[in-house]
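For reference, work_13.txt (compact mmCIF, N, CA and C atoms):
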```txt
# COMPACT_ATOMS: atom_id res chain seq x y z
N GLN A 19 0.84 -1.18 0.00
CA GLN A 19 0.00 0.00 0.00
C GLN A 19 0.88 1.24 0.00
N VAL A 20 0.25 2.37 -0.30
CA VAL A 20 0.99 3.62 -0.37
C VAL A 20 1.38 4.07 1.03
N GLN A 21 2.64 4.45 1.15
CA GLN A 21 3.12 5.02 2.41
C GLN A 21 3.92 6.28 2.14
N LEU A 22 3.62 7.32 2.90
CA LEU A 22 4.40 8.54 2.90
C LEU A 22 4.89 8.74 4.33
N VAL A 23 6.21 8.78 4.50
CA VAL A 23 6.77 8.85 5.85
C VAL A 23 7.63 10.09 5.97
N GLU A 24 7.17 11.01 6.81
CA GLU A 24 7.90 12.26 7.04
C GLU A 24 8.96 12.08 8.12
N SER A 25 10.02 12.85 8.02
CA SER A 25 11.05 12.87 9.04
C SER A 25 11.73 14.23 9.02
N GLY A 26 12.51 14.50 10.08
CA GLY A 26 13.28 15.73 10.12
C GLY A 26 12.73 16.81 11.03
N GLY A 27 11.55 16.58 11.59
CA GLY A 27 11.00 17.56 12.50
C GLY A 27 11.77 17.62 13.80
N GLY A 28 11.46 18.64 14.62
CA GLY A 28 12.13 18.77 15.89
C GLY A 28 11.95 20.16 16.46
N LEU A 29 12.75 20.44 17.48
CA LEU A 29 12.72 21.73 18.15
C LEU A 29 13.86 22.60 17.65
N VAL A 30 13.53 23.83 17.28
CA VAL A 30 14.55 24.74 16.76
C VAL A 30 14.23 26.14 17.27
N GLN A 31 15.26 26.95 17.43
CA GLN A 31 15.06 28.33 17.87
C GLN A 31 14.62 29.19 16.68
N ALA A 32 13.92 30.25 16.98
CA ALA A 32 13.53 31.20 15.94
C ALA A 32 14.76 31.68 15.19
N GLY A 33 14.61 31.75 13.87
CA GLY A 33 15.73 32.12 13.01
C GLY A 33 16.52 30.94 12.50
N GLY A 34 16.26 29.77 13.06
CA GLY A 34 16.99 28.58 12.67
C GLY A 34 16.42 27.91 11.43
N SER A 35 16.97 26.74 11.12
CA SER A 35 16.58 26.01 9.91
C SER A 35 16.33 24.54 10.22
N LEU A 36 15.48 23.94 9.41
CA LEU A 36 15.24 22.50 9.44
C LEU A 36 15.00 22.03 8.03
N ARG A 37 15.30 20.76 7.79
CA ARG A 37 15.00 20.14 6.50
C ARG A 37 14.13 18.92 6.74
N LEU A 38 12.94 18.98 6.22
CA LEU A 38 12.03 17.84 6.31
C LEU A 38 12.18 16.96 5.08
N SER A 39 12.00 15.67 5.29
CA SER A 39 12.01 14.70 4.20
C SER A 39 10.71 13.90 4.23
N CYS A 40 10.30 13.43 3.08
CA CYS A 40 9.13 12.56 2.98
C CYS A 40 9.49 11.45 2.01
N ALA A 41 9.59 10.23 2.52
CA ALA A 41 9.91 9.08 1.70
C ALA A 41 8.63 8.37 1.29
N ALA A 42 8.50 8.15 -0.01
CA ALA A 42 7.28 7.53 -0.54
C ALA A 42 7.55 6.09 -0.98
N SER A 43 6.56 5.25 -0.79
CA SER A 43 6.62 3.86 -1.27
C SER A 43 5.22 3.41 -1.65
N GLY A 44 5.16 2.37 -2.47
CA GLY A 44 3.87 1.83 -2.87
C GLY A 44 3.18 2.59 -3.99
N LEU A 45 3.88 3.54 -4.58
CA LEU A 45 3.32 4.29 -5.70
C LEU A 45 4.46 4.66 -6.65
N THR A 46 4.10 4.99 -7.89
CA THR A 46 5.11 5.46 -8.85
C THR A 46 5.31 6.95 -8.57
N PHE A 47 6.33 7.22 -7.79
CA PHE A 47 6.53 8.57 -7.23
C PHE A 47 6.55 9.65 -8.31
N SER A 48 7.20 9.37 -9.41
CA SER A 48 7.37 10.38 -10.46
C SER A 48 6.06 10.68 -11.20
N ASN A 49 5.00 9.97 -10.89
CA ASN A 49 3.69 10.25 -11.48
C ASN A 49 2.87 11.26 -10.68
N TYR A 50 3.40 11.64 -9.51
CA TYR A 50 2.61 12.45 -8.60
C TYR A 50 3.22 13.82 -8.35
N ASN A 51 2.36 14.82 -8.33
CA ASN A 51 2.74 16.08 -7.73
C ASN A 51 2.75 15.87 -6.22
N MET A 52 3.67 16.56 -5.55
CA MET A 52 3.79 16.40 -4.11
C MET A 52 3.58 17.74 -3.42
N ALA A 53 3.16 17.67 -2.17
CA ALA A 53 2.88 18.91 -1.44
C ALA A 53 3.20 18.73 0.04
N TRP A 54 3.40 19.84 0.69
CA TRP A 54 3.51 19.91 2.15
C TRP A 54 2.38 20.78 2.68
N PHE A 55 1.76 20.29 3.73
CA PHE A 55 0.75 21.04 4.47
C PHE A 55 1.21 21.10 5.93
N ARG A 56 0.56 21.94 6.70
CA ARG A 56 0.85 21.97 8.13
C ARG A 56 -0.42 22.29 8.91
N GLN A 57 -0.41 21.84 10.16
CA GLN A 57 -1.55 22.10 11.03
C GLN A 57 -1.03 22.50 12.40
N ALA A 58 -1.31 23.72 12.78
CA ALA A 58 -0.93 24.23 14.09
C ALA A 58 -2.02 23.87 15.10
N PRO A 59 -1.68 23.83 16.37
CA PRO A 59 -2.68 23.49 17.40
C PRO A 59 -3.89 24.41 17.32
N GLY A 60 -5.06 23.80 17.27
CA GLY A 60 -6.30 24.57 17.25
C GLY A 60 -6.64 25.22 15.93
N LYS A 61 -5.85 24.92 14.90
CA LYS A 61 -6.10 25.53 13.59
C LYS A 61 -6.34 24.45 12.54
N GLU A 62 -6.88 24.89 11.41
CA GLU A 62 -7.09 23.97 10.31
C GLU A 62 -5.78 23.70 9.57
N ARG A 63 -5.77 22.56 8.88
CA ARG A 63 -4.61 22.24 8.06
C ARG A 63 -4.51 23.24 6.93
N GLU A 64 -3.28 23.70 6.65
CA GLU A 64 -3.10 24.70 5.61
C GLU A 64 -1.98 24.30 4.64
N PHE A 65 -2.11 24.75 3.43
CA PHE A 65 -1.14 24.51 2.38
C PHE A 65 0.16 25.24 2.67
N VAL A 66 1.29 24.58 2.37
CA VAL A 66 2.60 25.20 2.55
C VAL A 66 3.31 25.33 1.20
N ALA A 67 3.45 24.20 0.49
CA ALA A 67 4.21 24.22 -0.77
C ALA A 67 3.84 23.01 -1.60
N THR A 68 4.05 23.13 -2.90
CA THR A 68 3.80 22.01 -3.81
C THR A 68 4.82 22.01 -4.93
N ILE A 69 5.06 20.82 -5.49
CA ILE A 69 6.03 20.68 -6.57
C ILE A 69 5.48 19.71 -7.61
N ARG A 70 5.72 20.04 -8.85
CA ARG A 70 5.24 19.24 -9.97
C ARG A 70 5.95 17.90 -10.02
N TRP A 71 5.37 16.92 -10.67
CA TRP A 71 5.89 15.56 -10.73
C TRP A 71 7.34 15.51 -11.23
N ASN A 72 7.69 16.43 -12.13
CA ASN A 72 9.06 16.43 -12.68
C ASN A 72 9.96 17.46 -12.01
N GLY A 73 9.46 18.12 -10.97
CA GLY A 73 10.26 19.13 -10.28
C GLY A 73 10.36 20.45 -11.01
N GLY A 74 9.65 20.58 -12.12
CA GLY A 74 9.79 21.76 -12.96
C GLY A 74 9.03 22.98 -12.50
N ASN A 75 8.09 22.81 -11.62
CA ASN A 75 7.28 23.95 -11.11
C ASN A 75 7.06 23.78 -9.62
N THR A 76 7.00 24.91 -8.94
CA THR A 76 6.70 24.93 -7.51
C THR A 76 5.76 26.08 -7.20
N ASP A 77 5.11 26.00 -6.06
CA ASP A 77 4.27 27.09 -5.58
C ASP A 77 4.27 27.07 -4.06
N TYR A 78 4.09 28.25 -3.46
CA TYR A 78 4.21 28.37 -2.01
C TYR A 78 3.09 29.22 -1.43
N ALA A 79 2.79 28.97 -0.18
CA ALA A 79 1.93 29.88 0.56
C ALA A 79 2.68 31.19 0.77
N ASP A 80 1.95 32.29 0.78
CA ASP A 80 2.59 33.59 0.96
C ASP A 80 3.37 33.66 2.27
N SER A 81 2.89 32.96 3.28
CA SER A 81 3.52 33.03 4.61
C SER A 81 4.90 32.40 4.66
N VAL A 82 5.23 31.57 3.67
CA VAL A 82 6.53 30.89 3.68
C VAL A 82 7.40 31.26 2.47
N LYS A 83 6.84 32.01 1.55
CA LYS A 83 7.56 32.34 0.33
C LYS A 83 8.85 33.09 0.68
N GLY A 84 9.96 32.66 0.07
CA GLY A 84 11.25 33.26 0.34
C GLY A 84 12.00 32.65 1.50
N ARG A 85 11.31 31.84 2.32
CA ARG A 85 11.95 31.19 3.46
C ARG A 85 12.02 29.67 3.30
N PHE A 86 11.01 29.09 2.66
CA PHE A 86 10.94 27.63 2.49
C PHE A 86 11.20 27.28 1.03
N THR A 87 11.80 26.10 0.83
CA THR A 87 12.04 25.60 -0.52
C THR A 87 11.65 24.14 -0.58
N ILE A 88 10.78 23.81 -1.53
CA ILE A 88 10.39 22.42 -1.76
C ILE A 88 11.22 21.88 -2.93
N SER A 89 11.64 20.63 -2.80
CA SER A 89 12.39 19.97 -3.87
C SER A 89 12.08 18.49 -3.83
N ARG A 90 12.50 17.77 -4.86
CA ARG A 90 12.27 16.34 -4.91
C ARG A 90 13.41 15.63 -5.60
N ASP A 91 13.56 14.36 -5.25
CA ASP A 91 14.54 13.48 -5.87
C ASP A 91 13.77 12.24 -6.32
N ASN A 92 13.39 12.19 -7.57
CA ASN A 92 12.55 11.09 -8.04
C ASN A 92 13.22 9.71 -7.94
N PRO A 93 14.49 9.58 -8.29
CA PRO A 93 15.13 8.26 -8.11
C PRO A 93 15.11 7.78 -6.66
N LYS A 94 15.08 8.70 -5.71
CA LYS A 94 15.05 8.33 -4.29
C LYS A 94 13.64 8.32 -3.71
N ASN A 95 12.64 8.63 -4.55
CA ASN A 95 11.24 8.65 -4.10
C ASN A 95 11.05 9.54 -2.87
N THR A 96 11.68 10.69 -2.89
CA THR A 96 11.67 11.56 -1.71
C THR A 96 11.41 13.01 -2.10
N VAL A 97 10.61 13.67 -1.27
CA VAL A 97 10.38 15.10 -1.41
C VAL A 97 10.88 15.77 -0.14
N TYR A 98 11.40 16.98 -0.30
CA TYR A 98 12.02 17.69 0.81
C TYR A 98 11.35 19.05 1.02
N LEU A 99 11.49 19.56 2.24
CA LEU A 99 11.09 20.93 2.52
C LEU A 99 12.20 21.56 3.36
N GLU A 100 12.94 22.46 2.73
CA GLU A 100 13.99 23.19 3.41
C GLU A 100 13.35 24.43 4.02
N MET A 101 13.49 24.58 5.33
CA MET A 101 12.84 25.68 6.05
C MET A 101 13.90 26.54 6.71
N ASN A 102 13.96 27.79 6.32
CA ASN A 102 14.93 28.74 6.87
C ASN A 102 14.21 29.89 7.54
N SER A 103 14.95 30.64 8.34
CA SER A 103 14.40 31.80 9.05
C SER A 103 13.09 31.45 9.75
N LEU A 104 13.11 30.37 10.46
CA LEU A 104 11.89 29.87 11.09
C LEU A 104 11.38 30.82 12.16
N LYS A 105 10.06 30.88 12.25
CA LYS A 105 9.38 31.75 13.20
C LYS A 105 8.51 30.90 14.13
N PRO A 106 8.22 31.41 15.31
CA PRO A 106 7.34 30.64 16.22
C PRO A 106 6.01 30.27 15.57
N GLU A 107 5.50 31.10 14.68
CA GLU A 107 4.23 30.81 14.02
C GLU A 107 4.35 29.69 12.99
N ASP A 108 5.55 29.21 12.72
CA ASP A 108 5.73 28.05 11.85
C ASP A 108 5.54 26.74 12.63
N THR A 109 5.39 26.83 13.93
CA THR A 109 5.17 25.65 14.76
C THR A 109 3.90 24.92 14.33
N ALA A 110 4.05 23.64 14.00
CA ALA A 110 2.92 22.85 13.49
C ALA A 110 3.37 21.43 13.25
N VAL A 111 2.39 20.57 13.02
CA VAL A 111 2.68 19.25 12.45
C VAL A 111 2.69 19.42 10.93
N TYR A 112 3.77 18.96 10.31
CA TYR A 112 3.93 19.10 8.87
C TYR A 112 3.64 17.76 8.20
N TYR A 113 2.77 17.82 7.20
CA TYR A 113 2.33 16.63 6.49
C TYR A 113 2.77 16.66 5.03
N CYS A 114 3.15 15.51 4.56
CA CYS A 114 3.47 15.31 3.15
C CYS A 114 2.21 14.74 2.47
N ALA A 115 1.97 15.15 1.23
CA ALA A 115 0.80 14.65 0.51
C ALA A 115 1.15 14.45 -0.96
N ALA A 116 0.45 13.50 -1.59
CA ALA A 116 0.64 13.20 -3.00
C ALA A 116 -0.65 13.43 -3.75
N LYS A 117 -0.52 13.97 -4.96
CA LYS A 117 -1.68 14.29 -5.78
C LYS A 117 -1.42 13.86 -7.22
N THR A 118 -2.33 13.07 -7.77
CA THR A 118 -2.24 12.73 -9.19
C THR A 118 -2.55 13.98 -10.01
N PRO A 119 -1.65 14.40 -10.88
CA PRO A 119 -1.94 15.59 -11.67
C PRO A 119 -3.06 15.33 -12.66
N THR A 120 -3.86 16.35 -12.93
CA THR A 120 -4.93 16.20 -13.92
C THR A 120 -4.35 16.15 -15.32
N SER A 121 -3.15 16.72 -15.49
CA SER A 121 -2.46 16.66 -16.76
C SER A 121 -0.96 16.69 -16.50
N ARG A 122 -0.23 15.83 -17.17
CA ARG A 122 1.23 15.85 -17.05
C ARG A 122 1.84 16.99 -17.87
N TYR A 123 1.02 17.63 -18.71
CA TYR A 123 1.55 18.64 -19.63
C TYR A 123 1.21 20.06 -19.22
N LYS A 124 0.39 20.22 -18.22
CA LYS A 124 0.01 21.54 -17.75
C LYS A 124 0.09 21.57 -16.23
N TRP A 125 0.76 22.58 -15.71
CA TRP A 125 0.95 22.72 -14.27
C TRP A 125 -0.24 23.39 -13.62
N PHE A 126 -0.77 22.72 -12.62
CA PHE A 126 -1.81 23.34 -11.79
C PHE A 126 -1.49 23.02 -10.35
N PRO A 127 -1.21 24.02 -9.54
CA PRO A 127 -0.83 23.79 -8.15
C PRO A 127 -2.05 23.58 -7.24
N PHE A 128 -2.43 22.36 -7.05
CA PHE A 128 -3.52 22.07 -6.12
C PHE A 128 -3.08 22.44 -4.70
N LYS A 129 -3.96 23.17 -3.98
CA LYS A 129 -3.59 23.68 -2.66
C LYS A 129 -4.60 23.32 -1.59
N SER A 130 -5.60 22.56 -1.94
CA SER A 130 -6.61 22.18 -0.97
C SER A 130 -6.34 20.79 -0.42
N SER A 131 -6.54 20.63 0.88
CA SER A 131 -6.38 19.30 1.49
C SER A 131 -7.29 18.28 0.81
N ASP A 132 -8.47 18.72 0.41
CA ASP A 132 -9.43 17.80 -0.19
C ASP A 132 -8.97 17.25 -1.53
N ASP A 133 -8.03 17.92 -2.16
CA ASP A 133 -7.56 17.49 -3.48
C ASP A 133 -6.53 16.36 -3.42
N MET A 134 -5.90 16.18 -2.25
CA MET A 134 -4.79 15.24 -2.16
C MET A 134 -5.28 13.79 -2.16
N ASP A 135 -4.47 12.91 -2.74
CA ASP A 135 -4.82 11.49 -2.84
C ASP A 135 -4.27 10.68 -1.66
N TYR A 136 -3.08 11.02 -1.21
CA TYR A 136 -2.43 10.26 -0.14
C TYR A 136 -1.78 11.23 0.84
N TRP A 137 -1.71 10.76 2.10
CA TRP A 137 -1.14 11.58 3.18
C TRP A 137 -0.17 10.77 4.02
N GLY A 138 0.84 11.49 4.53
CA GLY A 138 1.67 10.92 5.57
C GLY A 138 1.06 11.19 6.93
N LYS A 139 1.74 10.72 7.97
CA LYS A 139 1.22 10.89 9.32
C LYS A 139 1.73 12.14 10.01
N GLY A 140 2.71 12.79 9.41
CA GLY A 140 3.17 14.07 9.91
C GLY A 140 4.41 14.00 10.77
N THR A 141 5.08 15.16 10.86
CA THR A 141 6.24 15.32 11.72
C THR A 141 6.13 16.69 12.39
N LEU A 142 6.41 16.73 13.69
CA LEU A 142 6.20 17.94 14.47
C LEU A 142 7.40 18.86 14.37
N VAL A 143 7.12 20.12 14.06
CA VAL A 143 8.14 21.17 14.08
C VAL A 143 7.74 22.19 15.14
N THR A 144 8.65 22.42 16.07
CA THR A 144 8.41 23.40 17.13
C THR A 144 9.49 24.46 17.06
N VAL A 145 9.06 25.71 16.95
CA VAL A 145 10.00 26.83 16.86
C VAL A 145 9.84 27.67 18.13
N SER A 146 10.90 27.74 18.89
CA SER A 146 10.86 28.49 20.14
C SER A 146 11.33 29.93 19.92
N SER A 147 10.75 30.83 20.70
CA SER A 147 11.08 32.25 20.53
C SER A 147 12.26 32.65 21.41
```
Output the structure of this file as structure tokens.
Amino acid sequence: QVQLVESGGGLVQAGGSLRLSCAASGLTFSNYNMAWFRQAPGKEREFVATIRWNGGNTDYADSVKGRFTISRDNPKNTVYLEMNSLKPEDTAVYYCAAKTPTSRYKWFPFKSSDDMDYWGKGTLVTVSS
């Protein structure tokens, strides 16, 4: 079955950096657009970043633009989220998600939780002030 396993979360001071990884199995990874979402305590899950199946396009939430970078390594079946200049408001459980693209020839950045096909169980990121 499909598994998405996140890792790399932890406790970091404000201004610091973390790199999250999501290892995928049970699916043809290069067929899927990938995304990161996050959910802070008491809040709804929100979109963070997404990357096209071939790595050729990315999109970000305004709150992380310029600080976070999403990337992927298709031979390793892994997607990454490099997080820099972290702020206390970045504290959340970070989830990896996979989405079958509606077209392999046209980029559309799906940003809704409801659009995703598969989910990981999440990794906690805590940013202290």
Which range 37-76 of chain A residues have any atom within 6.5 Å of an atom of range 110-127 of chain A, and for each, what is the nearest pair of atoms with distance in Å to one decimal, counting only N, CA and C atoms, rows sorted by chain and number, as JSON lines?
```
{"residue": "A:Cys40", "atom": "CA", "partner": "A:Cys114", "partner_atom": "CA", "distance": 6.3}
{"residue": "A:Asn49", "atom": "C", "partner": "A:Pro119", "partner_atom": "N", "distance": 5.5}
{"residue": "A:Tyr50", "atom": "CA", "partner": "A:Lys117", "partner_atom": "C", "distance": 4.5}
{"residue": "A:Asn51", "atom": "C", "partner": "A:Lys117", "partner_atom": "N", "distance": 4.0}
{"residue": "A:Met52", "atom": "CA", "partner": "A:Ala115", "partner_atom": "C", "distance": 4.5}
{"residue": "A:Ala53", "atom": "C", "partner": "A:Ala115", "partner_atom": "N", "distance": 4.0}
{"residue": "A:Trp54", "atom": "CA", "partner": "A:Tyr113", "partner_atom": "C", "distance": 4.4}
{"residue": "A:Phe55", "atom": "C", "partner": "A:Tyr113", "partner_atom": "N", "distance": 3.8}
{"residue": "A:Arg56", "atom": "CA", "partner": "A:Val111", "partner_atom": "C", "distance": 4.2}
{"residue": "A:Gln57", "atom": "C", "partner": "A:Val111", "partner_atom": "N", "distance": 4.0}
{"residue": "A:Ala58", "atom": "CA", "partner": "A:Ala110", "partner_atom": "CA", "distance": 4.1}
{"residue": "A:Pro59", "atom": "N", "partner": "A:Ala110", "partner_atom": "CA", "distance": 5.5}
```
Non-local contacts of Thr76 in chain A (8 Å; only C-alpha atoms; under 6 positions in same chain excluded) as a list of chain:residue names = A:Ala67, A:Thr68, A:Ile69, A:Arg70, A:Ile88, A:Pro127
Go through chain A and collect every residue that DSSP, computed from the backbone, puts in strand (DSSP E); the answer should be as a ChimeraX atom specification.
-> /A:21-25,28-31,36-43,51-57,64-69,76-78,86-91,96-101,110-117,136-137,141-146
Could you pull the residues within 10 Å of Ser130 in chain A, counting only C-alpha atoms, minus those fewer than 4 positions along the same chain, as JSON, numbers by chain?
-> {"A": [55, 63, 64, 65, 134]}
If I put a ball of radius 7 Å at (10.7, 34.8, 5.9) in the file's coordinates, which residues poke into it when counting all atoms listed in the file, written as a list in words?
-> Ser81, Val82, Lys83, Gly84, Arg85, Phe86, Asn102, Ser103 and Leu104 of chain A
Pairwise distance for atom C of Gly34 in chain A and atom N of Val66 in chain A, rounded to one decimal in Å = 17.9 Å
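In this model, the gap between atom N of Tyr98 in chain A and atom C of Asp132 in chain A comes to 20.4 Å.
Atom to atom, CA of Thr46 in chain A and CA of Asp77 in chain A stand 21.9 Å apart.
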Rank A:Gln31, A:Ser48, A:Thr96, A:Thr144 by their smallest atom-to-atom distance to Asp108 in chain A, using all atoms listed in the file, and report the top residue only.
-> A:Thr144
Using only C-alpha atoms: which of A:Leu99, A:Asp91, A:Gly138, A:Pro106 has the shortest distance to Val23 in chain A | A:Gly138
Put the listed atoms of range 118-131 of chain A in a box along x, y and z with 4 Å added on every side and give me the centre and edge lengths in Å to one decimal, as AutoDock Vina command-line options.
```
--center_x -2.7 --center_y 18.4 --center_z -9.1 --size_x 17.1 --size_y 19.3 --size_z 29.1
```
Please reconstruct the missing atoms of range 86-96 of chain A (target: all heavy atoms) and return them as a PDB file, in the frame of the given file.
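Contents of selection_24.pdb, freshly written:
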```
ATOM      1  N   PHE A  86      11.010  29.090   2.660  1.00  0.00           N
ATOM      2  CA  PHE A  86      10.940  27.630   2.490  1.00  0.00           C
ATOM      3  C   PHE A  86      11.200  27.280   1.030  1.00  0.00           C
ATOM      4  O   PHE A  86      10.833  28.023   0.119  1.00  0.00           O
ATOM      5  CB  PHE A  86       9.561  27.114   2.877  1.00  0.00           C
ATOM      6  CG  PHE A  86       9.231  27.168   4.347  1.00  0.00           C
ATOM      7  CD1 PHE A  86      10.013  27.862   5.255  1.00  0.00           C
ATOM      8  CD2 PHE A  86       8.101  26.516   4.830  1.00  0.00           C
ATOM      9  CE1 PHE A  86       9.698  27.896   6.607  1.00  0.00           C
ATOM     10  CE2 PHE A  86       7.762  26.553   6.165  1.00  0.00           C
ATOM     11  CZ  PHE A  86       8.564  27.259   7.048  1.00  0.00           C
ATOM     12  N   THR A  87      11.800  26.100   0.830  1.00  0.00           N
ATOM     13  CA  THR A  87      12.040  25.600  -0.520  1.00  0.00           C
ATOM     14  C   THR A  87      11.650  24.140  -0.580  1.00  0.00           C
ATOM     15  O   THR A  87      12.119  23.319   0.213  1.00  0.00           O
ATOM     16  CB  THR A  87      13.524  25.741  -0.912  1.00  0.00           C
ATOM     17  OG1 THR A  87      13.913  27.112  -0.813  1.00  0.00           O
ATOM     18  CG2 THR A  87      13.744  25.259  -2.341  1.00  0.00           C
ATOM     19  N   ILE A  88      10.780  23.810  -1.530  1.00  0.00           N
ATOM     20  CA  ILE A  88      10.390  22.420  -1.760  1.00  0.00           C
ATOM     21  C   ILE A  88      11.220  21.880  -2.930  1.00  0.00           C
ATOM     22  O   ILE A  88      11.480  22.585  -3.906  1.00  0.00           O
ATOM     23  CB  ILE A  88       8.879  22.297  -2.043  1.00  0.00           C
ATOM     24  CG1 ILE A  88       8.440  20.836  -2.083  1.00  0.00           C
ATOM     25  CG2 ILE A  88       8.486  23.035  -3.318  1.00  0.00           C
ATOM     26  CD1 ILE A  88       6.921  20.637  -2.145  1.00  0.00           C
ATOM     27  N   SER A  89      11.640  20.630  -2.800  1.00  0.00           N
ATOM     28  CA  SER A  89      12.390  19.970  -3.870  1.00  0.00           C
ATOM     29  C   SER A  89      12.080  18.490  -3.830  1.00  0.00           C
ATOM     30  O   SER A  89      11.469  17.996  -2.883  1.00  0.00           O
ATOM     31  CB  SER A  89      13.894  20.218  -3.714  1.00  0.00           C
ATOM     32  OG  SER A  89      14.366  19.681  -2.490  1.00  0.00           O
ATOM     33  N   ARG A  90      12.500  17.770  -4.860  1.00  0.00           N
ATOM     34  CA  ARG A  90      12.270  16.340  -4.910  1.00  0.00           C
ATOM     35  C   ARG A  90      13.410  15.630  -5.600  1.00  0.00           C
ATOM     36  O   ARG A  90      14.108  16.210  -6.431  1.00  0.00           O
ATOM     37  CB  ARG A  90      10.938  16.033  -5.586  1.00  0.00           C
ATOM     38  CG  ARG A  90      10.877  16.375  -7.069  1.00  0.00           C
ATOM     39  CD  ARG A  90       9.439  16.251  -7.596  1.00  0.00           C
ATOM     40  NE  ARG A  90       8.946  14.879  -7.524  1.00  0.00           N
ATOM     41  CZ  ARG A  90       7.658  14.552  -7.546  1.00  0.00           C
ATOM     42  NH1 ARG A  90       6.732  15.503  -7.611  1.00  0.00           N
ATOM     43  NH2 ARG A  90       7.280  13.284  -7.502  1.00  0.00           N
ATOM     44  N   ASP A  91      13.560  14.360  -5.250  1.00  0.00           N
ATOM     45  CA  ASP A  91      14.540  13.480  -5.870  1.00  0.00           C
ATOM     46  C   ASP A  91      13.770  12.240  -6.320  1.00  0.00           C
ATOM     47  O   ASP A  91      13.496  11.345  -5.504  1.00  0.00           O
ATOM     48  CB  ASP A  91      15.636  13.130  -4.875  1.00  0.00           C
ATOM     49  CG  ASP A  91      16.779  12.348  -5.500  1.00  0.00           C
ATOM     50  OD1 ASP A  91      16.532  11.648  -6.512  1.00  0.00           O
ATOM     51  OD2 ASP A  91      17.896  12.420  -4.974  1.00  0.00           O
ATOM     52  N   ASN A  92      13.390  12.190  -7.570  1.00  0.00           N
ATOM     53  CA  ASN A  92      12.550  11.090  -8.040  1.00  0.00           C
ATOM     54  C   ASN A  92      13.220   9.710  -7.940  1.00  0.00           C
ATOM     55  O   ASN A  92      12.557   8.750  -7.545  1.00  0.00           O
ATOM     56  CB  ASN A  92      12.051  11.360  -9.451  1.00  0.00           C
ATOM     57  CG  ASN A  92      10.896  12.366  -9.456  1.00  0.00           C
ATOM     58  OD1 ASN A  92      10.388  12.760  -8.415  1.00  0.00           O
ATOM     59  ND2 ASN A  92      10.494  12.802 -10.641  1.00  0.00           N
ATOM     60  N   PRO A  93      14.490   9.580  -8.290  1.00  0.00           N
ATOM     61  CA  PRO A  93      15.130   8.260  -8.110  1.00  0.00           C
ATOM     62  C   PRO A  93      15.110   7.780  -6.660  1.00  0.00           C
ATOM     63  O   PRO A  93      15.134   6.583  -6.415  1.00  0.00           O
ATOM     64  CB  PRO A  93      16.548   8.478  -8.612  1.00  0.00           C
ATOM     65  CG  PRO A  93      16.432   9.600  -9.582  1.00  0.00           C
ATOM     66  CD  PRO A  93      15.397  10.512  -8.986  1.00  0.00           C
ATOM     67  N   LYS A  94      15.080   8.700  -5.710  1.00  0.00           N
ATOM     68  CA  LYS A  94      15.050   8.330  -4.290  1.00  0.00           C
ATOM     69  C   LYS A  94      13.640   8.320  -3.710  1.00  0.00           C
ATOM     70  O   LYS A  94      13.448   8.069  -2.525  1.00  0.00           O
ATOM     71  CB  LYS A  94      15.925   9.290  -3.458  1.00  0.00           C
ATOM     72  CG  LYS A  94      17.410   9.176  -3.754  1.00  0.00           C
ATOM     73  CD  LYS A  94      18.224  10.061  -2.821  1.00  0.00           C
ATOM     74  CE  LYS A  94      19.707   9.899  -3.079  1.00  0.00           C
ATOM     75  NZ  LYS A  94      20.535  10.750  -2.191  1.00  0.00           N
ATOM     76  N   ASN A  95      12.640   8.630  -4.550  1.00  0.00           N
ATOM     77  CA  ASN A  95      11.240   8.650  -4.100  1.00  0.00           C
ATOM     78  C   ASN A  95      11.050   9.540  -2.870  1.00  0.00           C
ATOM     79  O   ASN A  95      10.312   9.186  -1.934  1.00  0.00           O
ATOM     80  CB  ASN A  95      10.750   7.238  -3.772  1.00  0.00           C
ATOM     81  CG  ASN A  95      10.575   6.384  -5.014  1.00  0.00           C
ATOM     82  OD1 ASN A  95      10.720   6.852  -6.136  1.00  0.00           O
ATOM     83  ND2 ASN A  95      10.281   5.120  -4.812  1.00  0.00           N
ATOM     84  N   THR A  96      11.680  10.690  -2.890  1.00  0.00           N
ATOM     85  CA  THR A  96      11.670  11.560  -1.710  1.00  0.00           C
ATOM     86  C   THR A  96      11.410  13.010  -2.100  1.00  0.00           C
ATOM     87  O   THR A  96      11.940  13.490  -3.108  1.00  0.00           O
ATOM     88  CB  THR A  96      13.012  11.458  -0.967  1.00  0.00           C
ATOM     89  OG1 THR A  96      13.237  10.087  -0.590  1.00  0.00           O
ATOM     90  CG2 THR A  96      13.005  12.307   0.297  1.00  0.00           C
TER      91      THR A  96
END
```
